[in-house]
$ cat entry-v9.txt   # compact mmCIF, C-alpha atoms
# COMPACT_ATOMS: atom_id res chain seq x y z
CA MET A 1 -2.65 -9.31 -8.31
CA GLY A 2 -0.66 -12.51 -8.57
CA PHE A 3 1.32 -11.62 -5.45
CA MET A 4 -1.85 -10.89 -3.51
CA LEU A 5 -3.51 -14.22 -4.31
CA GLY A 6 -0.42 -16.41 -4.12
CA THR A 7 0.85 -15.07 -0.81
CA ILE A 8 -2.12 -16.42 1.12
CA PHE A 9 -2.16 -19.87 -0.51
CA LEU A 10 1.58 -20.48 -0.29
CA GLY A 11 1.70 -19.02 3.21
CA PHE A 12 -0.98 -21.46 4.31
CA GLY A 13 0.88 -24.28 2.57
CA ALA A 14 4.15 -23.43 4.34
CA ASP A 15 2.48 -23.80 7.75
CA ILE A 16 0.94 -27.15 6.76
CA TYR A 17 3.53 -28.78 4.47
CA GLY A 18 6.71 -27.08 5.63
CA ARG A 19 8.82 -24.05 4.85
CA LYS A 20 11.35 -25.91 2.69
CA ARG A 21 8.83 -27.64 0.42
CA CYS A 22 6.91 -24.42 -0.15
CA PHE A 23 10.08 -22.48 -0.95
CA LEU A 24 11.42 -25.01 -3.47
CA PHE A 25 8.02 -25.41 -5.15
CA SER A 26 7.81 -21.65 -5.48
CA VAL A 27 11.30 -21.36 -6.99
CA PHE A 28 10.65 -24.03 -9.60
CA SER A 29 7.18 -22.85 -10.62
CA THR A 30 8.21 -19.17 -10.69
CA SER A 31 11.18 -19.99 -12.92
CA VAL A 32 8.99 -21.92 -15.36
CA ALA A 33 6.49 -19.04 -15.45
CA GLY A 34 9.38 -16.62 -15.97
CA LEU A 35 10.51 -18.53 -19.07
CA ALA A 36 6.95 -18.42 -20.37
CA VAL A 37 6.90 -14.62 -19.91
CA ALA A 38 9.99 -14.28 -22.09
CA PHE A 39 8.31 -16.15 -24.94
CA ALA A 40 4.83 -14.64 -24.60
CA PRO A 41 3.43 -14.13 -28.14
CA ASN A 42 1.26 -11.11 -27.26
CA TYR A 43 0.27 -8.79 -24.43
CA LEU A 44 -2.62 -11.00 -23.23
CA TRP A 45 -0.36 -14.01 -22.70
CA PHE A 46 2.31 -11.77 -21.21
CA THR A 47 -0.22 -10.61 -18.60
CA ILE A 48 -1.39 -14.15 -17.86
CA PHE A 49 2.16 -15.46 -17.36
CA ARG A 50 3.08 -12.47 -15.20
CA ILE A 51 0.07 -13.11 -12.96
CA LEU A 52 1.18 -16.75 -12.64
CA GLN A 53 4.70 -15.62 -11.83
CA GLY A 54 3.42 -13.37 -9.08
CA LEU A 55 1.01 -16.04 -7.87
CA LEU A 56 3.83 -18.53 -7.37
CA SER A 57 6.74 -16.36 -6.21
CA LYS A 58 6.13 -14.17 -3.19
CA GLY A 59 4.87 -16.92 -0.90
CA GLY A 60 8.14 -18.77 -1.49
CA TRP A 61 10.19 -15.73 -0.57
CA LEU A 62 8.23 -15.33 2.67
CA SER A 63 8.67 -19.04 3.44
CA ALA A 64 12.43 -18.68 3.05
CA TYR A 65 12.44 -15.64 5.33
CA VAL A 66 10.49 -17.46 8.04
CA LEU A 67 12.72 -20.52 7.64
CA ILE A 68 15.99 -18.71 8.29
CA THR A 69 14.39 -16.84 11.20
CA GLU A 70 13.42 -20.15 12.80
CA LEU A 71 16.71 -21.89 12.07
CA VAL A 72 18.97 -19.66 14.12
CA GLY A 73 19.17 -18.70 17.78
CA MET A 74 17.75 -15.46 19.09
CA LYS A 75 21.21 -13.86 19.13
CA TYR A 76 21.53 -14.21 15.35
CA ARG A 77 17.90 -13.78 14.30
CA ARG A 78 18.00 -10.09 13.47
CA THR A 79 21.29 -10.36 11.55
CA VAL A 80 20.22 -13.12 9.19
CA GLY A 81 16.82 -11.48 8.68
CA ILE A 82 18.28 -8.13 7.66
CA VAL A 83 21.16 -9.57 5.62
CA ASN A 84 18.65 -11.75 3.77
CA GLN A 85 16.70 -8.67 2.76
CA MET A 86 19.87 -6.74 1.90
CA CYS A 87 20.27 -9.18 -0.97
CA PHE A 88 17.11 -7.67 -2.47
CA SER A 89 18.82 -4.25 -2.51
CA PHE A 90 21.94 -5.69 -4.12
CA GLY A 91 19.66 -7.30 -6.69
CA LEU A 92 18.21 -3.88 -7.57
CA ILE A 93 21.70 -2.45 -8.04
CA ILE A 94 22.76 -5.34 -10.26
CA LEU A 95 19.49 -5.17 -12.20
CA ALA A 96 20.20 -1.56 -13.20
CA ALA A 97 23.57 -2.59 -14.66
CA VAL A 98 22.22 -5.71 -16.38
CA ALA A 99 19.26 -3.80 -17.86
CA HIS A 100 21.68 -1.19 -19.23
CA LEU A 101 23.71 -3.93 -20.93
CA ILE A 102 20.67 -5.94 -22.10
CA PRO A 103 17.98 -3.41 -23.09
CA ALA A 104 15.80 -5.96 -24.97
CA TRP A 105 13.18 -6.99 -22.41
CA ARG A 106 12.86 -10.62 -23.53
CA ASN A 107 16.59 -11.21 -23.18
CA LEU A 108 16.56 -9.39 -19.83
CA GLN A 109 13.72 -11.63 -18.66
CA LEU A 110 15.68 -14.76 -19.60
CA THR A 111 18.83 -13.44 -17.94
CA ALA A 112 16.94 -12.82 -14.70
CA THR A 113 15.07 -16.14 -14.80
CA ILE A 114 17.47 -18.91 -15.83
CA PRO A 115 19.84 -18.60 -12.79
CA ASN A 116 16.89 -19.31 -10.48
CA PHE A 117 16.96 -22.98 -11.47
CA CYS A 118 20.30 -23.25 -9.64
CA ILE A 119 18.45 -22.53 -6.38
CA LEU A 120 16.78 -25.94 -6.67
CA THR A 121 20.10 -27.42 -5.47
CA PHE A 122 19.13 -26.04 -2.06
CA TYR A 123 17.09 -29.23 -1.67
CA TRP A 124 20.33 -30.91 -0.60
CA LEU A 125 21.80 -27.89 1.19
CA MET A 126 18.93 -26.46 3.23
CA PRO A 127 17.23 -28.19 6.19
CA GLU A 128 13.59 -27.94 7.18
CA SER A 129 12.79 -25.73 10.16
CA PRO A 130 13.27 -27.78 13.38
CA ARG A 131 10.80 -25.45 15.08
CA TRP A 132 8.14 -26.24 12.47
CA LEU A 133 8.89 -29.97 12.71
CA LEU A 134 8.50 -29.89 16.48
CA SER A 135 5.25 -27.97 16.20
CA ARG A 136 3.97 -30.76 13.90
CA LYS A 137 5.17 -33.51 16.31
CA LYS A 138 7.85 -34.71 13.89
CA LYS A 139 10.40 -35.07 16.66
CA GLU A 140 12.75 -37.59 15.05
CA GLU A 141 13.23 -35.45 11.94
CA ALA A 142 13.79 -32.37 14.08
CA MET A 143 16.37 -34.20 16.20
CA LYS A 144 18.38 -35.29 13.16
CA ILE A 145 18.55 -31.70 11.94
CA LEU A 146 19.47 -30.35 15.39
CA GLN A 147 22.26 -32.92 15.78
CA LYS A 148 23.60 -32.07 12.32
CA ILE A 149 23.60 -28.36 13.16
CA ALA A 150 25.35 -29.08 16.45
CA LYS A 151 28.00 -31.14 14.67
CA LYS A 152 28.66 -28.39 12.13
CA ASN A 153 28.97 -25.90 15.01
CA ARG A 154 31.38 -28.31 16.78
CA GLN A 155 28.99 -28.68 19.69
CA THR A 156 27.12 -31.57 21.25
CA PHE A 157 23.36 -31.72 21.43
CA SER A 158 22.17 -34.49 23.74
CA ILE A 159 18.54 -33.61 24.40
CA ASN A 160 16.25 -36.62 24.69
CA ILE A 161 13.72 -35.68 22.03
CA GLU A 162 11.01 -37.72 23.74
CA THR A 163 11.16 -35.38 26.73
CA VAL A 164 10.47 -32.29 24.62
CA GLN A 165 7.06 -30.90 25.48
CA ILE A 166 5.31 -28.15 23.59
CA GLU A 167 2.54 -26.49 25.50
CA ASP A 168 -0.88 -26.50 23.87
CA CYS A 169 0.09 -29.21 21.36
CA GLU A 170 -3.42 -29.44 19.98
CA ASN A 171 -3.23 -25.72 19.23
CA THR A 172 0.08 -26.03 17.38
CA LEU A 173 -1.11 -28.96 15.29
CA LYS A 174 -4.27 -27.34 13.98
CA SER A 175 -4.43 -25.58 10.64
CA PRO A 176 -4.04 -21.79 10.81
CA SER A 177 -7.03 -19.66 9.87
CA PHE A 178 -7.84 -16.00 9.49
CA LEU A 179 -9.97 -16.22 12.64
CA ASP A 180 -6.80 -16.87 14.65
CA LEU A 181 -5.57 -13.43 13.59
CA VAL A 182 -8.55 -11.53 14.96
CA LYS A 183 -10.20 -13.51 17.75
CA THR A 184 -7.84 -12.42 20.57
CA PRO A 185 -7.36 -8.72 21.41
CA GLN A 186 -3.57 -8.30 21.24
CA ILE A 187 -3.08 -10.39 18.10
CA ARG A 188 -6.00 -8.56 16.49
CA LYS A 189 -4.40 -5.19 17.24
CA HIS A 190 -1.01 -6.36 15.93
CA THR A 191 -2.63 -7.71 12.77
CA PHE A 192 -4.41 -4.48 11.84
CA ILE A 193 -1.36 -2.30 12.58
CA LEU A 194 0.97 -4.55 10.59
CA MET A 195 -1.47 -4.76 7.69
CA PHE A 196 -1.59 -0.97 7.42
CA ASN A 197 2.21 -0.78 7.62
CA TRP A 198 2.62 -3.38 4.89
CA PHE A 199 0.24 -1.31 2.74
CA ALA A 200 2.01 1.97 3.51
CA SER A 201 5.48 0.50 2.97
CA ALA A 202 4.66 -0.88 -0.47
CA LEU A 203 2.70 2.20 -1.56
CA VAL A 204 5.46 4.66 -0.64
CA TYR A 205 8.36 2.40 -1.69
CA LEU A 206 6.98 1.53 -5.12
CA GLY A 207 5.62 5.04 -5.56
CA LEU A 208 9.11 6.51 -5.09
CA VAL A 209 10.62 3.93 -7.45
CA MET A 210 8.00 4.57 -10.16
CA ARG A 211 8.46 8.29 -9.70
CA LEU A 212 11.94 7.88 -11.22
CA GLY A 213 10.20 7.30 -14.57
CA ILE A 214 8.57 10.75 -14.64
CA LEU A 215 11.54 12.78 -13.39
CA GLY A 216 13.58 12.62 -16.58
CA GLY A 217 17.33 12.01 -16.70
CA ASN A 218 19.07 8.65 -17.04
CA ILE A 219 16.66 6.04 -15.67
CA TYR A 220 19.44 3.45 -15.22
CA ILE A 221 21.52 5.78 -13.04
CA ASN A 222 18.45 6.92 -11.11
CA PHE A 223 17.44 3.31 -10.49
CA PHE A 224 20.99 2.42 -9.43
CA ILE A 225 21.08 5.27 -6.91
CA SER A 226 17.63 4.30 -5.66
CA GLY A 227 18.87 0.77 -4.96
CA ALA A 228 22.18 1.90 -3.45
CA VAL A 229 20.37 4.08 -0.89
CA GLU A 230 18.86 0.91 0.58
CA ILE A 231 22.20 -0.52 1.74
CA PRO A 232 22.73 2.12 4.47
CA ALA A 233 19.18 1.41 5.66
CA ALA A 234 20.07 -2.22 6.37
CA ILE A 235 23.31 -1.21 8.11
CA ILE A 236 21.43 1.27 10.30
CA ILE A 237 19.01 -1.44 11.38
CA ILE A 238 21.77 -3.92 12.21
CA LEU A 239 23.50 -1.30 14.36
CA LEU A 240 20.35 -0.14 16.17
CA ILE A 241 17.96 -3.05 16.41
CA ASP A 242 19.59 -4.72 19.43
CA ARG A 243 20.50 -1.44 21.10
CA VAL A 244 17.28 0.58 20.96
CA GLY A 245 14.82 -2.17 20.05
CA ARG A 246 12.50 -2.82 17.13
CA ARG A 247 9.75 -0.29 17.64
CA PHE A 248 11.82 2.91 17.48
CA PRO A 249 13.64 2.20 14.17
CA PHE A 250 10.34 0.92 12.70
CA ALA A 251 8.46 4.11 13.59
CA ALA A 252 11.42 6.38 12.79
CA GLY A 253 11.68 4.92 9.27
CA ASN A 254 8.04 5.84 8.62
CA PHE A 255 8.47 9.32 10.08
CA LEU A 256 11.61 9.96 8.01
CA ALA A 257 9.90 8.77 4.82
CA GLY A 258 6.77 10.82 5.49
CA ALA A 259 8.64 14.01 6.37
CA SER A 260 11.01 13.65 3.40
CA CYS A 261 8.12 13.22 0.95
CA LEU A 262 6.36 16.32 2.27
CA ILE A 263 9.56 18.38 2.25
CA THR A 264 10.49 17.22 -1.27
CA ALA A 265 7.10 18.35 -2.54
CA THR A 266 7.80 21.93 -1.36
CA ILE A 267 11.33 22.28 -2.77
CA PRO A 268 11.50 24.33 -6.02
CA ASP A 269 12.41 22.43 -9.18
CA ASP A 270 15.51 24.56 -9.78
CA LEU A 271 17.04 23.09 -6.60
CA TYR A 272 17.24 19.65 -8.23
CA TRP A 273 20.12 18.43 -6.05
CA LEU A 274 18.21 19.28 -2.87
CA LYS A 275 15.08 17.50 -4.13
CA ALA A 276 17.21 14.46 -5.00
CA VAL A 277 18.79 14.37 -1.54
CA SER A 278 15.44 14.76 0.21
CA SER A 279 13.83 12.10 -1.97
CA SER A 280 16.73 9.73 -1.29
CA LEU A 281 16.25 10.20 2.45
CA GLY A 282 12.61 9.24 1.95
CA LYS A 283 13.68 6.10 0.09
CA LEU A 284 16.09 5.27 2.90
CA GLY A 285 13.37 5.74 5.51
CA ILE A 286 10.78 3.60 3.74
CA THR A 287 13.41 0.90 3.16
CA VAL A 288 14.02 0.79 6.91
CA THR A 289 10.28 0.38 7.37
CA PHE A 290 10.05 -2.34 4.72
CA LEU A 291 12.89 -4.27 6.36
CA MET A 292 11.37 -3.88 9.81
CA VAL A 293 7.76 -4.77 9.04
CA CYS A 294 8.59 -8.31 7.94
CA PHE A 295 11.06 -8.76 10.79
CA VAL A 296 8.60 -7.60 13.45
CA ASN A 297 5.83 -9.65 11.81
CA THR A 298 7.76 -12.87 12.51
CA GLU A 299 8.19 -12.01 16.19
CA LEU A 300 4.56 -11.31 17.08
CA TYR A 301 2.88 -14.60 16.09
CA PRO A 302 3.12 -18.21 17.37
CA THR A 303 4.86 -20.89 15.34
CA PHE A 304 1.79 -22.62 13.92
CA LEU A 305 0.42 -19.25 12.71
CA ARG A 306 3.61 -17.38 11.83
CA ASN A 307 3.95 -18.00 8.09
CA PHE A 308 0.21 -17.65 7.52
CA ALA A 309 0.13 -14.38 9.50
CA ILE A 310 2.95 -12.88 7.45
CA SER A 311 1.23 -14.01 4.27
CA VAL A 312 -2.13 -12.48 5.22
CA CYS A 313 -0.66 -9.22 6.51
CA SER A 314 1.58 -8.84 3.48
CA THR A 315 -1.38 -9.07 1.09
CA MET A 316 -1.85 -5.41 1.99
CA CYS A 317 1.63 -4.89 0.57
CA ASP A 318 0.35 -6.20 -2.75
CA ILE A 319 -2.70 -3.94 -2.58
CA GLY A 320 -0.30 -1.05 -2.01
CA GLY A 321 1.60 -2.15 -5.11
CA ILE A 322 -1.62 -2.17 -7.13
CA VAL A 323 -2.69 1.28 -5.91
CA ALA A 324 0.73 2.98 -6.20
CA PRO A 325 0.80 3.60 -9.99
CA PHE A 326 -2.75 4.98 -9.98
CA ILE A 327 -1.93 7.46 -7.21
CA LEU A 328 1.34 8.43 -8.86
CA TYR A 329 0.26 8.91 -12.46
CA ARG A 330 -3.29 10.17 -11.90
CA LEU A 331 -2.42 12.73 -9.23
CA ALA A 332 0.72 13.83 -11.07
CA HIS A 333 -1.56 15.13 -13.85
CA ILE A 334 -3.11 17.52 -11.30
CA TRP A 335 0.16 18.54 -9.63
CA ILE A 336 3.47 16.78 -10.19
CA GLU A 337 4.24 16.72 -6.45
CA MET A 338 0.78 15.73 -5.19
CA PRO A 339 1.65 12.00 -5.02
CA LEU A 340 4.46 12.87 -2.60
CA VAL A 341 1.98 14.61 -0.31
CA VAL A 342 -0.23 11.52 -0.25
CA PHE A 343 2.76 9.24 0.35
CA GLY A 344 3.99 11.48 3.15
CA VAL A 345 0.70 11.58 5.04
CA ILE A 346 0.23 7.80 4.82
CA ALA A 347 3.78 7.14 6.04
CA LEU A 348 3.31 9.46 9.04
CA ILE A 349 0.08 7.68 10.02
CA ALA A 350 1.83 4.31 9.73
CA GLY A 351 4.65 5.53 11.98
CA ALA A 352 2.21 6.66 14.65
CA LEU A 353 0.49 3.26 14.63
CA VAL A 354 3.81 1.44 15.12
CA LEU A 355 4.11 3.08 18.53
CA PHE A 356 1.17 0.94 19.69
CA LEU A 357 3.07 -2.31 19.03
CA PRO A 358 4.94 -4.05 21.88
CA GLU A 359 8.74 -4.14 22.02
CA THR A 360 10.12 -7.63 21.22
CA MET A 361 13.84 -7.07 21.73
CA GLY A 362 15.36 -9.86 23.82
CA MET A 363 12.26 -12.06 23.69
CA ALA A 364 12.01 -15.59 22.33
CA LEU A 365 9.63 -16.30 19.48
CA PRO A 366 6.15 -17.08 20.83
CA GLU A 367 5.03 -20.70 20.56
CA THR A 368 1.34 -20.43 21.47
CA ILE A 369 -1.54 -17.96 21.26
CA GLU A 370 -1.06 -17.26 24.96
CA ASP A 371 2.62 -16.42 24.44
CA ALA A 372 1.74 -14.02 21.62
CA GLU A 373 -0.98 -12.36 23.72
CA ASN A 374 1.47 -11.77 26.58
CA ILE A 375 4.23 -10.15 24.54
CA GLY A 376 5.19 -6.92 26.24
CA ARG A 377 3.18 -7.73 29.36
CA LYS A 378 5.72 -9.89 31.16
CA LYS A 379 9.10 -8.91 32.46
CA LYS A 380 11.83 -9.78 30.02
CA THR A 381 13.88 -12.75 31.11
CA ALA A 382 16.63 -14.69 29.43
CA PRO A 383 15.10 -17.58 27.50
CA LYS A 384 15.80 -21.11 28.56
CA ALA A 385 17.37 -23.66 26.24
CA ASN A 386 14.40 -23.94 23.94
CA GLN A 387 13.48 -24.08 20.35
CA GLU A 388 15.55 -20.99 19.64
CA LEU A 389 18.36 -23.57 19.19
CA SER A 390 20.49 -21.66 21.68
CA PRO A 391 22.26 -24.86 22.83
CA LEU A 392 23.87 -24.97 19.41
CA HIS A 393 25.82 -21.75 19.91
CA PRO A 394 28.81 -21.66 22.24
CA SER A 395 28.13 -18.07 23.26
CA VAL A 396 24.66 -18.86 24.56
CA GLU A 397 24.27 -22.18 26.35
CA THR A 398 26.88 -24.68 25.24
CA SER A 399 30.54 -24.16 25.93
CA ASN A 400 33.43 -24.99 23.65
CA ASN A 401 34.40 -27.98 25.75
CA LYS A 402 31.43 -29.79 24.24
CA GLN A 403 29.42 -30.20 27.39
CA PRO A 404 25.96 -31.64 26.70
CA ALA A 405 23.10 -29.22 26.31
CA SER A 406 20.29 -29.18 28.80
CA GLU A 407 17.80 -32.02 28.67
CA LYS A 408 14.91 -29.61 28.94
CA MET A 409 13.54 -27.85 25.91
CA SER A 410 10.56 -25.82 26.97
CA PRO A 411 8.76 -23.12 25.02
CA SER A 412 9.42 -19.52 25.83
$ encode --input "entry-v9.txt" --output "structure tokens"
Amino acid sequence: MGFMLGTIFLGFGADIYGRKRCFLFSVFSTSVAGLAVAFAPNYLWFTIFRILQGLLSKGGWLSAYVLITELVGMKYRRTVGIVNQMCFSFGLIILAAVAHLIPAWRNLQLTATIPNFCILTFYWLMPESPRWLLSRKKKEEAMKILQKIAKKNRQTFSINIETVQIEDCENTLKSPSFLDLVKTPQIRKHTFILMFNWFASALVYLGLVMRLGILGGNIYINFFISGAVEIPAAIIIILLIDRVGRRFPFAAGNFLAGASCLITATIPDDLYWLKAVSSSLGKLGITVTFLMVCFVNTELYPTFLRNFAISVCSTMCDIGGIVAPFILYRLAHIWIEMPLVVFGVIALIAGALVLFLPETMGMALPETIEDAENIGRKKKTAPKANQELSPLHPSVETSNNKQPASEKMSPS
């Protein structure tokens, strides 16, 4: 519940006040709430502090994801996005080991919370998104960051910032609203499809994780294996995403998860190893989907709306998280494998819907509503030196002999 409420507010704040500010505020407030959880005197206060922790945390994670997506050129966008989310999988693996060593939940809570205060040092290490600054007409701040990036990359960046024009400036400066997500046909279609996929991803993912608790065996080893399966999913995406596009791996992950859940439900209990393999394939598939849904979400919305759109769409992820334990534990009383049937059907429907999304491989991030509406309609062309920061990378626009970048910075 905390995730669901906080995602919208912090997502809105990141589009108005900046990605960096929202991220750092979230880290600090989540860490303070995490300490309070560890010292909760009873279950009521534990619940209140946990809601606050959820309220303040997820929006910051999404802000950080959008920030790194906007900081790099199109050539590197998919790599940093996937590697960023791989850290979540490594965190699950480490958590299993730490929880085994520190079984007392209060001590485990403190161990997981205190290191987060170190992330506040990112204030001096992490820049604001130049793309966001330009969309808010803060050109001088954006130029300082771009020049610093160019210097670190041993390039020159000589664009006259006063000549930078962003089409539909009034549109980019206005505050995002839910109406922007549904008032135009293509964005409306993308929003509903992505919302269902966020819901399906969380429902199946968390359902499979929670299912480890009713299977018996060593829960620490089961949880470790469940986290380890996610690493190949990220590697698969990195290898495929710029070769076959976004849509196919996105849909295939859903189809694999759905089919694996249905197959696992039909395998006899005495073939435990086969059920484990099939279930692991389902976890791999839904991890691919989870990685892809956030990545694709960033590529289908204009800059002024991007963080807010991800926040709104991902609220369905939180609803999926709320529903998952009820489906798992209630239906398991009827038939132990019935939750898998439900998870499988929902994942297959989500995969079919993905096929109605446009392919975004090789396209620059949209800057305006018009750009977002025309995704997939126009012939793909190489982007000009624009806000993708391509002049900062020698392999894209600027050569190693430090020739100045183009004076023109136009939107995609």
$ closest_residue --input "entry-v9.txt" --among "A:Tyr301, A:Phe9, A:Tyr65, A:Tyr123" --to "Ala364 of chain A" --atoms "all atoms listed in the file"
A:Tyr301
$ closest_residue --input "entry-v9.txt" --among "A:Met361, A:Leu52, A:Met316, A:Leu262" --to "Val341 of chain A" --atoms "all atoms listed in the file"
A:Leu262
$ closest_residue --input "entry-v9.txt" --among "A:Gln109, A:Thr287, A:Ser31, A:Asn307" --to "Gly59 of chain A" --atoms "only C-alpha atoms"
A:Asn307
$ atom_distance --input "entry-v9.txt" --atom1 "atom CA of Ser280 of chain A" --atom2 "atom CA of Phe326 of chain A"
21.9 Å
$ closest_residue --input "entry-v9.txt" --among "A:Ile319, A:Met210, A:Ala259, A:Val83" --to "Phe223 of chain A" --atoms "all atoms listed in the file"
A:Met210
$ closest_residue --input "entry-v9.txt" --among "A:Met74, A:Ala38, A:Leu134, A:Ala265" --to "Leu365 of chain A" --atoms "all atoms listed in the file"
A:Met74
$ residues_around --input "entry-v9.txt" --residues "segment 227-237 of chain A" --least-positions-apart "2" --cutoff "7 Å" --atoms "only C-alpha atoms" --output "MDAnalysis selection string"
chainID A and resid 82 86 89 92:93 223:225 239:241 280 284 287:288
$ closest_residue --input "entry-v9.txt" --among "A:Leu133, A:Leu35, A:Leu110, A:Val209" --to "Leu71 of chain A" --atoms "only C-alpha atoms"
A:Leu133
$ atom_distance --input "entry-v9.txt" --atom1 "atom CA of Ile346 of chain A" --atom2 "atom CA of Leu215 of chain A"
22.0 Å
$ atom_distance --input "entry-v9.txt" --atom1 "atom CA of Cys261 of chain A" --atom2 "atom CA of Gly344 of chain A"
5.0 Å
$ residues_around --input "entry-v9.txt" --residues "Arg246 of chain A" --least-positions-apart "3" --cutoff "12 Å" --atoms "all atoms listed in the file" --output "PyMOL selection string"
chain A and resi 78+236-243+249-253+288-289+291-297+299-300+354-355+357-363
$ axis_aligned_box --input "entry-v9.txt" --around "segment 23-40 of chain A" --padding-each-side "6 Å" --output "JSON"
{"center_x": 8.1, "center_y": -19.8, "center_z": -12.9, "size_x": 18.6, "size_y": 23.1, "size_z": 36.0}
$ residues_around --input "entry-v9.txt" --residues "Ile327 of chain A" --least-positions-apart "2" --cutoff "12 Å" --atoms "all atoms listed in the file" --output "MDAnalysis selection string"
chainID A and resid 203:204 206:208 210:211 320:325 329:343
$ closest_atom_pairs --input "entry-v9.txt" --of "segment 202-321 of chain A" --to "segment 14-26 of chain A" --cutoff "10 Å" --atoms "only C-alpha atoms" --output "JSON lines"
{"residue": "A:Thr303", "atom": "CA", "partner": "A:Asp15", "partner_atom": "CA", "distance": 8.5}
{"residue": "A:Phe304", "atom": "CA", "partner": "A:Asp15", "partner_atom": "CA", "distance": 6.3}
{"residue": "A:Leu305", "atom": "CA", "partner": "A:Asp15", "partner_atom": "CA", "distance": 7.0}
{"residue": "A:Arg306", "atom": "CA", "partner": "A:Asp15", "partner_atom": "CA", "distance": 7.7}
{"residue": "A:Asn307", "atom": "CA", "partner": "A:Asp15", "partner_atom": "CA", "distance": 6.0}
{"residue": "A:Phe308", "atom": "CA", "partner": "A:Asp15", "partner_atom": "CA", "distance": 6.6}
{"residue": "A:Ala309", "atom": "CA", "partner": "A:Asp15", "partner_atom": "CA", "distance": 9.9}
{"residue": "A:Ser311", "atom": "CA", "partner": "A:Ala14", "partner_atom": "CA", "distance": 9.9}
